[in-house]
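Note: the block below is input_33.txt and it holds compact mmCIF, C-alpha atoms.
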# COMPACT_ATOMS: atom_id res chain seq x y z
CA MET B 1 14.28 13.07 3.24
CA SER B 2 12.60 10.56 5.57
CA VAL B 3 10.38 7.55 4.86
CA GLU B 4 7.33 9.58 5.90
CA THR B 5 8.27 12.33 3.45
CA VAL B 6 8.48 9.84 0.58
CA LEU B 7 5.10 8.39 1.54
CA ASP B 8 3.62 11.90 1.72
CA LYS B 9 5.01 12.72 -1.72
CA LEU B 10 3.63 9.46 -3.10
CA ARG B 11 0.17 10.43 -1.85
CA GLU B 12 0.36 14.01 -3.06
CA HIS B 13 1.55 13.12 -6.55
CA ASN B 14 -1.01 10.41 -7.27
CA VAL B 15 -4.67 11.22 -7.63
CA GLY B 16 -6.93 8.74 -5.84
CA VAL B 17 -4.39 7.66 -3.23
CA ILE B 18 -5.89 7.91 0.26
CA GLY B 19 -2.72 6.96 2.08
CA CYS B 20 0.02 4.40 2.23
CA LEU B 21 2.05 2.35 4.62
CA ALA B 22 5.39 0.66 4.34
CA THR B 23 6.99 -2.04 6.42
CA HIS B 24 10.66 -2.85 6.65
CA GLY B 25 11.89 -5.55 9.00
CA GLY B 26 10.06 -4.89 12.25
CA ALA B 27 9.31 -1.24 11.56
CA SER B 28 6.22 0.18 9.95
CA TYR B 29 5.60 3.67 8.58
CA SER B 30 2.24 5.09 7.63
CA ASN B 31 0.68 8.33 6.53
CA LEU B 32 -2.91 7.13 6.82
CA LYS B 33 -5.22 9.67 8.36
CA GLU B 34 -8.62 9.46 9.98
CA PRO B 35 -10.51 7.07 9.88
CA TYR B 36 -7.59 4.79 9.04
CA GLU B 37 -4.99 6.08 11.49
CA LEU B 38 -5.51 3.18 13.93
CA ILE B 39 -4.85 0.49 11.33
CA ASP B 40 -2.12 -1.92 12.37
CA GLY B 41 0.49 -1.45 9.65
CA GLN B 42 2.52 -4.47 10.75
CA SER B 43 -0.44 -6.78 10.46
CA VAL B 44 -1.44 -5.48 7.00
CA GLY B 45 2.17 -5.69 5.88
CA GLU B 46 2.46 -9.25 7.14
CA GLU B 47 -0.71 -10.30 5.29
CA ALA B 48 0.56 -8.71 2.07
CA ARG B 49 3.95 -10.40 2.53
CA GLN B 50 2.21 -13.77 2.92
CA ILE B 51 0.34 -13.20 -0.35
CA PHE B 52 3.67 -12.70 -2.15
CA GLU B 53 5.09 -15.82 -0.49
CA LEU B 54 2.12 -17.85 -1.71
CA PHE B 55 2.79 -16.62 -5.24
CA ASP B 56 6.43 -17.63 -4.82
CA GLY B 57 5.22 -21.14 -3.95
CA LEU B 58 3.55 -21.35 -7.36
CA GLU B 59 6.95 -20.97 -9.01
CA ALA B 60 5.96 -18.37 -11.54
CA PRO B 61 8.28 -18.78 -14.52
CA GLU B 62 11.27 -16.45 -14.88
CA ALA B 63 10.22 -13.75 -12.45
CA GLY B 64 8.26 -13.75 -9.22
CA ILE B 65 5.18 -11.65 -8.68
CA ASP B 66 5.96 -8.41 -6.88
CA GLU B 67 2.75 -6.46 -7.39
CA VAL B 68 -0.80 -7.29 -6.39
CA PHE B 69 -3.89 -5.17 -6.92
CA LEU B 70 -7.08 -5.78 -4.94
CA GLU B 71 -10.25 -4.26 -6.28
CA MET B 72 -12.92 -3.88 -3.60
CA ARG B 73 -16.25 -2.14 -3.32
CA HIS B 74 -15.15 0.93 -1.36
CA HIS B 75 -11.36 0.84 -1.73
CA SER B 76 -8.68 -0.55 -3.94
CA ILE B 77 -5.34 -1.66 -2.60
CA TYR B 78 -2.01 -1.90 -4.35
CA ALA B 79 0.71 -3.94 -2.66
CA HIS B 80 4.30 -3.82 -3.86
CA ARG B 81 7.03 -6.09 -2.52
CA LEU B 82 10.14 -4.30 -1.25
CA ASP B 83 13.52 -5.80 -0.33
CA ASP B 84 12.59 -6.56 3.28
CA GLY B 85 8.98 -5.49 3.53
CA VAL B 86 6.03 -4.24 1.54
CA LEU B 87 4.48 -1.00 0.40
CA VAL B 88 0.68 -0.94 0.66
CA VAL B 89 -1.15 1.89 -1.08
CA LEU B 90 -4.80 2.49 -0.18
CA ASN B 91 -6.78 4.07 -3.00
CA LYS B 92 -10.27 5.14 -3.84
CA PRO B 93 -12.15 2.45 -5.78
CA MET B 94 -10.75 2.18 -9.28
CA ASP B 95 -10.73 -0.37 -12.04
CA ARG B 96 -7.74 -2.10 -13.46
CA SER B 97 -7.06 0.34 -16.31
CA VAL B 98 -6.71 3.18 -13.81
CA PHE B 99 -4.56 0.94 -11.67
CA ARG B 100 -2.07 0.53 -14.51
CA ARG B 101 -1.61 4.29 -14.64
CA LEU B 102 -1.43 4.52 -10.86
CA LYS B 103 1.19 1.79 -10.80
CA VAL B 104 3.51 3.88 -12.95
CA GLY B 105 3.04 6.87 -10.64
CA VAL B 106 3.57 4.85 -7.47
CA ASN B 107 6.61 3.00 -8.79
CA LEU B 108 8.42 6.33 -9.25
CA PHE B 109 8.62 6.52 -5.46
CA VAL B 110 9.64 2.93 -4.82
CA LYS B 111 13.35 3.54 -5.38
CA PRO B 112 13.64 6.52 -3.00
CA LEU B 113 11.47 4.64 -0.51
CA LYS B 114 13.80 1.62 -0.60
CA ARG B 115 16.76 3.95 -0.08
CA GLU B 116 15.16 5.66 2.90
CA LEU B 117 14.06 2.36 4.43
CA ALA B 118 17.61 1.05 4.08
CA ASN B 119 18.92 4.18 5.81
CA GLY B 120 16.61 3.31 8.67
CA GLU B 121 16.18 5.70 11.52
CA ALA B 122 19.51 7.44 10.92
CA PRO B 123 18.85 11.17 11.11
CA ALA B 124 19.03 12.86 7.76
CA PRO B 125 21.77 15.47 7.46
CA ALA B 126 20.53 19.01 7.77
CA PRO B 127 20.21 20.65 4.39
CA ALA B 128 22.95 23.11 3.60
CA ALA B 129 21.85 26.70 3.89
CA LYS B 130 21.26 28.17 0.50
CA VAL B 131 22.39 31.71 0.04
CA ALA B 132 20.75 33.27 -2.91
CA ALA B 133 23.22 35.07 -5.06
CA PRO B 134 22.30 38.67 -5.55
CA VAL B 135 20.79 39.37 -8.90
CA SER B 136 23.24 41.31 -10.91
CA ALA B 137 22.82 42.91 -14.22
CA GLU B 138 26.55 43.30 -14.58
CA PRO B 139 28.43 41.55 -17.39
CA ASP B 140 30.32 38.25 -16.91
CA GLN B 141 32.79 38.32 -14.05
CA VAL B 142 36.28 36.98 -13.96
CA GLU B 143 37.25 34.99 -10.87
CA THR B 144 40.82 34.34 -9.86
CA ALA B 145 41.73 30.67 -9.13
CA PRO B 146 43.65 29.96 -5.86
CA SER B 147 46.76 29.02 -7.82
CA GLY B 148 46.85 32.49 -9.19
CA ALA B 149 45.97 31.44 -12.72
CA LYS B 150 43.09 33.33 -14.16
CA LYS B 151 40.07 31.17 -14.92
CA LYS B 152 37.10 32.60 -16.64
CA LYS B 153 33.75 31.71 -15.18
CA ARG B 154 30.53 32.37 -16.95
CA PHE B 155 27.59 33.82 -15.07
CA TYR B 156 24.00 34.51 -15.91
CA ARG B 157 22.34 36.89 -13.47
CA GLY B 158 24.88 35.98 -10.82
CA VAL B 159 24.52 32.19 -11.23
CA GLU B 160 27.40 30.21 -12.71
CA TYR B 161 26.59 28.01 -15.65
CA MET C 1 -7.14 -24.65 -24.02
CA LYS C 2 -10.62 -25.94 -23.32
CA LEU C 3 -12.07 -26.05 -19.86
CA LYS C 4 -13.90 -29.34 -19.54
CA LEU C 5 -17.20 -28.23 -18.10
CA VAL C 6 -19.15 -31.21 -19.41
CA GLY C 7 -18.95 -34.90 -18.67
CA LEU C 8 -17.70 -37.60 -21.05
CA ASN C 9 -21.01 -37.90 -22.88
CA GLY C 10 -21.33 -34.18 -23.34
CA ASP C 11 -23.87 -34.03 -20.54
CA PRO C 12 -23.46 -31.28 -17.97
CA ASP C 13 -21.03 -32.29 -15.23
CA PRO C 14 -23.03 -32.58 -11.95
CA VAL C 15 -20.12 -31.22 -9.89
CA VAL C 16 -19.79 -28.18 -12.11
CA GLU C 17 -23.55 -27.67 -12.22
CA GLN C 18 -23.67 -27.71 -8.46
CA TYR C 19 -21.31 -24.75 -8.15
CA LEU C 20 -21.68 -22.75 -11.36
CA ALA C 21 -24.69 -21.02 -12.84
CA PRO C 22 -25.35 -21.68 -16.57
CA GLU C 23 -24.25 -18.12 -17.44
CA GLU C 24 -21.00 -18.61 -15.54
CA ILE C 25 -20.33 -21.89 -17.38
CA ALA C 26 -20.89 -20.16 -20.72
CA GLU C 27 -18.64 -17.25 -19.74
CA LEU C 28 -15.82 -19.51 -18.57
CA ASP C 29 -16.14 -21.70 -21.66
CA ALA C 30 -15.76 -18.65 -23.88
CA LEU C 31 -12.75 -17.50 -21.87
CA ALA C 32 -11.12 -20.90 -22.16
CA THR C 33 -11.05 -20.64 -25.95
CA ASP C 34 -8.82 -17.55 -25.77
CA ALA C 35 -5.36 -18.56 -26.98
CA SER C 36 -3.57 -16.39 -24.42
CA VAL C 37 -5.27 -18.12 -21.49
CA ILE C 38 -2.89 -20.77 -20.17
CA GLY C 39 -4.62 -21.63 -16.91
CA LEU C 40 -8.20 -21.61 -15.70
CA HIS C 41 -9.25 -22.82 -12.29
CA VAL C 42 -12.55 -22.80 -10.44
CA MET C 43 -12.54 -23.41 -6.72
CA THR C 44 -14.83 -23.06 -3.75
CA ARG C 45 -14.08 -20.42 -1.10
CA ASP C 46 -12.53 -23.22 1.01
CA GLY C 47 -10.07 -24.12 -1.74
CA ALA C 48 -11.81 -27.27 -2.96
CA MET C 49 -11.22 -27.70 -6.68
CA VAL C 50 -14.27 -27.61 -8.95
CA ARG C 51 -12.32 -27.55 -12.21
CA SER C 52 -8.65 -26.96 -12.85
CA GLU C 53 -6.94 -26.84 -16.22
CA GLY C 54 -3.59 -25.65 -17.50
CA ILE C 55 -0.68 -24.14 -15.58
CA TRP C 56 -0.40 -24.86 -11.82
CA ALA C 57 -3.29 -27.31 -12.13
CA ASP C 58 -2.85 -29.02 -8.76
CA LEU C 59 -1.40 -26.14 -6.80
CA ALA C 60 -3.67 -23.30 -7.84
CA PRO C 61 -6.98 -23.95 -6.00
CA PRO C 62 -5.65 -24.14 -2.40
CA VAL C 63 -3.02 -21.44 -2.97
CA PHE C 64 -5.44 -18.94 -4.49
CA ALA C 65 -8.06 -19.71 -1.83
CA ASN C 66 -5.44 -18.73 0.77
CA ILE C 67 -4.51 -15.62 -1.20
CA MET C 68 -8.16 -14.55 -1.29
CA ARG C 69 -8.50 -15.24 2.44
CA LEU C 70 -5.54 -12.95 3.12
CA ALA C 71 -6.96 -10.35 0.72
CA ALA C 72 -10.26 -10.45 2.64
CA ARG C 73 -8.36 -9.93 5.90
CA ILE C 74 -6.56 -6.90 4.45
CA GLY C 75 -9.96 -5.61 3.32
CA GLU C 76 -11.34 -6.08 6.84
CA GLU C 77 -8.44 -4.07 8.28
CA PHE C 78 -9.52 -1.16 6.08
CA GLY C 79 -13.17 -1.60 7.02
CA GLU C 80 -14.19 -3.27 3.78
CA PRO C 81 -17.31 -5.26 4.68
CA SER C 82 -17.67 -7.30 1.54
CA ARG C 83 -15.71 -10.37 0.51
CA HIS C 84 -16.36 -9.44 -3.11
CA ILE C 85 -12.71 -8.83 -4.05
CA ILE C 86 -11.12 -9.03 -7.47
CA ALA C 87 -7.38 -9.64 -7.32
CA PHE C 88 -4.83 -9.00 -10.06
CA ALA C 89 -1.19 -9.93 -10.05
CA GLU C 90 1.30 -9.74 -12.86
CA ASN C 91 4.91 -10.12 -13.76
CA GLU C 92 6.77 -9.84 -17.05
CA ASP C 93 5.29 -13.05 -18.41
CA LEU C 94 1.93 -13.68 -16.81
CA GLU C 95 -1.22 -11.90 -15.69
CA THR C 96 -3.35 -13.54 -13.07
CA ALA C 97 -6.86 -12.51 -12.13
CA VAL C 98 -9.05 -13.97 -9.40
CA VAL C 99 -12.71 -13.19 -9.97
CA PRO C 100 -15.47 -14.04 -7.49
CA LEU C 101 -18.45 -15.90 -8.93
CA SER C 102 -21.74 -16.65 -7.18
CA GLN C 103 -20.47 -19.59 -5.08
CA THR C 104 -16.90 -19.97 -6.22
CA ASP C 105 -13.80 -18.08 -7.30
CA ALA C 106 -12.35 -18.34 -10.80
CA VAL C 107 -8.62 -17.92 -11.45
CA VAL C 108 -7.61 -16.92 -14.97
CA ILE C 109 -3.92 -16.99 -15.91
CA ARG C 110 -3.00 -15.32 -19.14
CA ARG C 111 0.32 -15.10 -20.96
CA ARG C 112 1.29 -11.50 -21.62
CA ALA C 113 1.82 -10.43 -25.18
CA LYS C 114 5.39 -9.29 -25.78
CA ALA C 115 6.43 -6.73 -28.35
CA VAL C 116 8.94 -8.18 -30.77
CA GLY C 117 11.29 -5.61 -32.20
CA LEU C 118 13.21 -5.79 -35.44
CA SER C 119 16.35 -6.68 -33.52
CA ASN C 120 14.66 -9.94 -32.45
CA VAL C 121 13.71 -10.80 -36.01
CA ARG C 122 17.20 -10.47 -37.45

Kindly return the structure encoded in the file as structure tokens.
Amino acid sequence: MSVETVLDKLREHNVGVIGCLATHGGASYSNLKEPYELIDGQSVGEEARQIFELFDGLEAPEAGIDEVFLEMRHHSIYAHRLDDGVLVVLNKPMDRSVFRRLKVGVNLFVKPLKRELANGEAPAPAPAAKVAAPVSAEPDQVETAPSGAKKKKRFYRGVEY
Amino acid sequence: MKLKLVGLNGDPDPVVEQYLAPEEIAELDALATDASVIGLHVMTRDGAMVRSEGIWADLAPPVFANIMRLAARIGEEFGEPSRHIIAFAENEDLETAVVPLSQTDAVVIRRRAKAVGLSNVR
């Protein structure tokens, strides 16, 4: 799975999300489409990062602020601080109660996104070819272990369980 | 917490009156009586303090003015023409909201209610 795939999944699984962009170090990833495809992800990411730094300067007790929601007339924007960058989610206009629900949905993808960003541009290994086991109506089979000892395996319609 | 929107004699503060409409003063005064509100700041768009009470009293006006300036720039990137932006930020302990008023921005900082389980009581 790539960073773009995670961003696509984030958009598909959350109603109201127009698109999102993520920055990590000097790289930026985006799945924003027309009319937003020309938006400079690095510059938006830098502005969001500066907002979090300003909050850090306030010395919020116990924990820093990692999430900011901006409610505008035509859009709403959710920014989430990552380890070495930010995730910016562009949404349709919504109020804060909807944002709380959206936040839960978006945060599900933060962990895989961090993992993929950490992996960087390393090519993902090709998925192993799946060979579907033929559906069999036969009763449980007995498979012989390499050592020669008989080990019983349990199958349901050809799939071991 | 009480936001001091009046002068020493109880007369309206001229500085506050210059920047806030009477309805806004009444609204902010009501908000200030809420026990969960631990900080309330009113500042101009340039970051000049109009009134500042509670947590981060000295720091808040310029910092939040800069935050709103950055928020407006993000809005511009996405083609948002208006500077009418409401910002929310929260962590485990605090909720912060920046609300635009007619001439100023108001920052409300609220302590979050925490559920106390039986294990905490014992």

Check: which chain C residues lie within 9 Å of chain B using only C-alpha atoms, as JSON, numbers by chain: {"C": [56, 59, 60, 63, 64, 66, 67, 68, 70, 71, 73, 74, 75, 77, 78, 79, 80, 81, 82, 83, 84, 85, 86, 87, 88, 89, 90, 91, 92, 93, 94]}

Between CA of Asp84 in chain B and CA of His24 in chain B, measure the distance and give it in Å to one decimal. 5.4 Å

For range 47-55 of chain C, list every protein, DNA or RNA residue within 10 Å, evaluated using only C-alpha atoms, and leave out those in the same chain fewer than 5 positions away; present the list as a PDB file with C-alpha atoms, keeping the file's coordinate frame.
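Wrote it out as result.pdb, contents follow:
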ATOM      1  CA  LEU B  58       3.550 -21.350  -7.360  1.00  0.00           C
ATOM      2  CA  ALA B  60       5.960 -18.370 -11.540  1.00  0.00           C
TER       3      ALA B  60
ATOM      4  CA  MET C   1      -7.140 -24.650 -24.020  1.00  0.00           C
ATOM      5  CA  LYS C   2     -10.620 -25.940 -23.320  1.00  0.00           C
ATOM      6  CA  LEU C   3     -12.070 -26.050 -19.860  1.00  0.00           C
ATOM      7  CA  LYS C   4     -13.900 -29.340 -19.540  1.00  0.00           C
ATOM      8  CA  LEU C   5     -17.200 -28.230 -18.100  1.00  0.00           C
ATOM      9  CA  VAL C  15     -20.120 -31.220  -9.890  1.00  0.00           C
ATOM     10  CA  VAL C  16     -19.790 -28.180 -12.110  1.00  0.00           C
ATOM     11  CA  GLU C  17     -23.550 -27.670 -12.220  1.00  0.00           C
ATOM     12  CA  GLN C  18     -23.670 -27.710  -8.460  1.00  0.00           C
ATOM     13  CA  TYR C  19     -21.310 -24.750  -8.150  1.00  0.00           C
ATOM     14  CA  LEU C  20     -21.680 -22.750 -11.360  1.00  0.00           C
ATOM     15  CA  ALA C  32     -11.120 -20.900 -22.160  1.00  0.00           C
ATOM     16  CA  VAL C  37      -5.270 -18.120 -21.490  1.00  0.00           C
ATOM     17  CA  ILE C  38      -2.890 -20.770 -20.170  1.00  0.00           C
ATOM     18  CA  GLY C  39      -4.620 -21.630 -16.910  1.00  0.00           C
ATOM     19  CA  LEU C  40      -8.200 -21.610 -15.700  1.00  0.00           C
ATOM     20  CA  HIS C  41      -9.250 -22.820 -12.290  1.00  0.00           C
ATOM     21  CA  VAL C  42     -12.550 -22.800 -10.440  1.00  0.00           C
ATOM     22  CA  ALA C  60      -3.670 -23.300  -7.840  1.00  0.00           C
ATOM     23  CA  PRO C  61      -6.980 -23.950  -6.000  1.00  0.00           C
ATOM     24  CA  PRO C  62      -5.650 -24.140  -2.400  1.00  0.00           C
ATOM     25  CA  VAL C  63      -3.020 -21.440  -2.970  1.00  0.00           C
ATOM     26  CA  PHE C  64      -5.440 -18.940  -4.490  1.00  0.00           C
ATOM     27  CA  ALA C  65      -8.060 -19.710  -1.830  1.00  0.00           C
ATOM     28  CA  ASN C  66      -5.440 -18.730   0.770  1.00  0.00           C
ATOM     29  CA  MET C  68      -8.160 -14.550  -1.290  1.00  0.00           C
ATOM     30  CA  ARG C  69      -8.500 -15.240   2.440  1.00  0.00           C
ATOM     31  CA  THR C 104     -16.900 -19.970  -6.220  1.00  0.00           C
ATOM     32  CA  ASP C 105     -13.800 -18.080  -7.300  1.00  0.00           C
ATOM     33  CA  ALA C 106     -12.350 -18.340 -10.800  1.00  0.00           C
ATOM     34  CA  VAL C 107      -8.620 -17.920 -11.450  1.00  0.00           C
ATOM     35  CA  VAL C 108      -7.610 -16.920 -14.970  1.00  0.00           C
ATOM     36  CA  ILE C 109      -3.920 -16.990 -15.910  1.00  0.00           C
ATOM     37  CA  ARG C 110      -3.000 -15.320 -19.140  1.00  0.00           C
TER      38      ARG C 110
END

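With distances restricted to all atoms listed in the file, B:Lys9 is the closest residue to Asn31 in chain B from B:Lys9, B:Lys103, B:His80, B:Lys111.
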
Residues within 10 Å of Asp83 in chain B, please, as number ranges by chain. Count only C-alpha atoms; anything in the same chain fewer than 3 positions from it doesn't count. B: 24-25, 86, 114, 117-118

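Pairwise distance (CA of Val98 in chain C, CA of Leu108 in chain B) equals 26.8 Å.
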
Between CA of Met43 in chain C and CA of Leu101 in chain C, what is the spacing in Å? 9.8 Å

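Proximity ranking of C:Ala72, C:Pro22, C:Ser36, C:Leu28 relative to Glu95 in chain C places C:Ser36 first, based on all atoms listed in the file.
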
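Minimum distance to Ala22 in chain B across B:Val110, B:Met1, B:Met94, B:Leu102 (counting all atoms listed in the file) occurs at B:Val110.
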
Tell me, as an MDAnalysis selection string, which residues lie within 8 Å of Val3 in chain B, counting all atoms listed in the file; anything in the same chain fewer than 5 positions away does not count. chainID B and resid 29 113 116:117
